[in-house]
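Participant: One structure coming up, written as structure tokens, with questions to follow.
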Amino acid sequence: MTTLEQMKAAKAVAPLLACADTERKNAALLAMAERLMERTPEILKANVADVEKAASAISPVMLDRLALNESRIAGMAEGVRQVAALPDPVGEVLTRVVRPNGLVIEKTAVPLGVIAIIYESRPNVTSDAAALCVKSGNACILRGGKEAFRSASAITAALQDGLASVGLPKDLVQLVQDTTRGSAAELMQGVGYIDLLIPRGGAGLIRACTENARVPCIQTGTGICHVYVDRAADPDMAVSIIENAKTSRPSVCNAAEVCIVHREIAADFLPKLKDALVTKRAADGKIPVEFRADEEAVAYLGKPAGAQDFDTEFLDYIMAVKTVSSADEAIAHIAAHSTGHSEAIVTEDPETAEKFVRAVDSAAVYVNASTRFTDGGEFGLGCEMGISTQKLHARGPMGLRELTAYKYIVRGSGQLR
């Protein structure tokens, strides 16, 4: 099928899912999870082919995003099951007003319709996005990166079989077959077919969608995330948080890219940070972090920061380091360079912490915790459609509620105006 034919097919079957009750949607999700587990060998075979082809073209950290194993597929299936276990947002009465004339006005959650997701080489997004769309009553069109096409195709086939097993149309979950930029442009221009477009990937993809889309579009993903180590921080806690935020999975959008340190503690703290993230990691056979430091921090960390380093989402074992004289200066730096994703402060001073959380304008703001928690699963949403860095309609991890709109249902007994 062409991309246009897929959009038409999704539009045609979307009302069937919008009218499905919770029990049927949950049955579909559980069947989808079961098919993922049953088809693990086929999915892994497809993924091996993708990884082998991409090995010479993408970095090791990006290759890790592409790679699947039995554990990751089991995690995908568990994510689908978790979505099935969540409350169904469709039909929820958000507000109810009884007017003096007797009219009962209920603001009621409804599906959006057809959601298109453009994402890069992360096969797990295929099942996450499909599960969230099915539970929220939306048809979905998935457009993955060409590096993961075989993997996404195998996953989509399993999900479609799960839908068919409970009598729902396979066209409710579709994978775009055209991996050229032309198909992405068609989705962006899909007026009358696409009710919401969600780009999930790097800055270039987000920018292309927001600049060219004629359908409603949500900005997601780009994460220049900061960790500010205050002068009242517990240094051991700060090192632990930064190590987790930077190295646990540097290729994802909630990984920290910038460390800001109060200059009163810089002389003691920065050597500890370097010891943990460079010396000890290298001794343990792990990839050490490359620091890119401002004029003050460079004396402790070695390499000076370039002109763009505080505005770069590295997605790698690289971290920019900035020294400041106050929490206010840290907040101002974040305001100037952040993408509005996730920021953290490490401090034992509750007043400074409160100032930070009030003043920093990002989707998620942390006190004494890693930015890596900005995730639908970690927030109790089952899984996520993406991390919205804008403010209208959805902000932060997008779960089921963020995939619904609402309409007013008005019940009367013959009232006239």
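So you can find residues: chains in the structure tokens are A, B, ... in the order shown, residues in each start at 1, and ligands are numbered from 1 in order.
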Pick out each residue of region 202-355 of chain A that DSSP on the backbone tags as strand (DSSP E or B); I need them as a PyMOL selection string.
Facilitator: chain A and resi 217+220+225-229+256-262+290-293+304+318-324+342-346
Participant: Next, dump the selected residues to file, keeping only C-alpha atoms, as a CSV table (one decimal), in the first residue's frame.
Facilitator:
```csv
chain,number,residue,atom,x,y,z
A,217,CYS,CA,2.0,18.5,15.4
A,220,THR,CA,8.8,15.9,21.4
A,225,CYS,CA,19.0,18.3,30.1
A,226,HIS,CA,20.9,20.0,32.9
A,227,VAL,CA,22.0,18.9,36.4
A,228,TYR,CA,22.8,21.8,38.7
A,229,VAL,CA,25.1,20.9,41.7
A,256,ALA,CA,21.9,14.8,31.0
A,257,GLU,CA,24.0,16.8,28.6
A,258,VAL,CA,25.2,19.6,30.9
A,259,CYS,CA,26.5,19.8,34.4
A,260,ILE,CA,26.4,23.1,36.2
A,261,VAL,CA,28.4,23.5,39.4
A,262,HIS,CA,28.5,26.2,42.0
A,290,GLU,CA,34.5,13.3,27.7
A,291,PHE,CA,34.0,16.6,29.6
A,292,ARG,CA,33.9,19.9,27.7
A,293,ALA,CA,34.4,22.6,30.3
A,304,PRO,CA,37.7,23.4,26.9
A,318,ILE,CA,30.1,13.7,26.3
A,319,MET,CA,29.1,16.3,28.9
A,320,ALA,CA,29.5,20.1,28.9
A,321,VAL,CA,30.4,21.6,32.3
A,322,LYS,CA,29.6,25.2,33.5
A,323,THR,CA,30.5,26.9,36.8
A,324,VAL,CA,28.2,29.5,38.3
A,342,SER,CA,14.2,17.8,32.1
A,343,GLU,CA,16.4,19.6,34.6
A,344,ALA,CA,17.6,18.7,38.1
A,345,ILE,CA,19.1,20.3,41.1
A,346,VAL,CA,21.2,18.5,43.8
```
Participant: Leaving out Asp349 (chain A) and any residue of its chain fewer than 4 positions from it, which residues lie within 12 Å of it when counting only C-alpha atoms, given as a PyMOL selection string?
Facilitator: chain A and resi 229-234+327+345+353-356+367-368
Participant: Tell me, in Å to one decimal, how far CA of Ile105 (chain A) is from CA of Pro89 (chain A).
Facilitator: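 Pair CA of Ile105 (chain A) / CA of Pro89 (chain A) returns 18.3 Å.
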Participant: Of the candidates A:Lys272, A:Arg150, A:Arg200, A:Arg99, which shows the shortest atom-to-atom distance to Ile43 (chain A), using only C-alpha atoms?
Facilitator: A:Arg150
Participant: List every residue of region 63-177 of chain A that DSSP, applied to the backbone, labels as alpha helix (DSSP H), and write the result as a ChimeraX atom specification.
Facilitator: /A:63-66,70-85,124-135,149-165
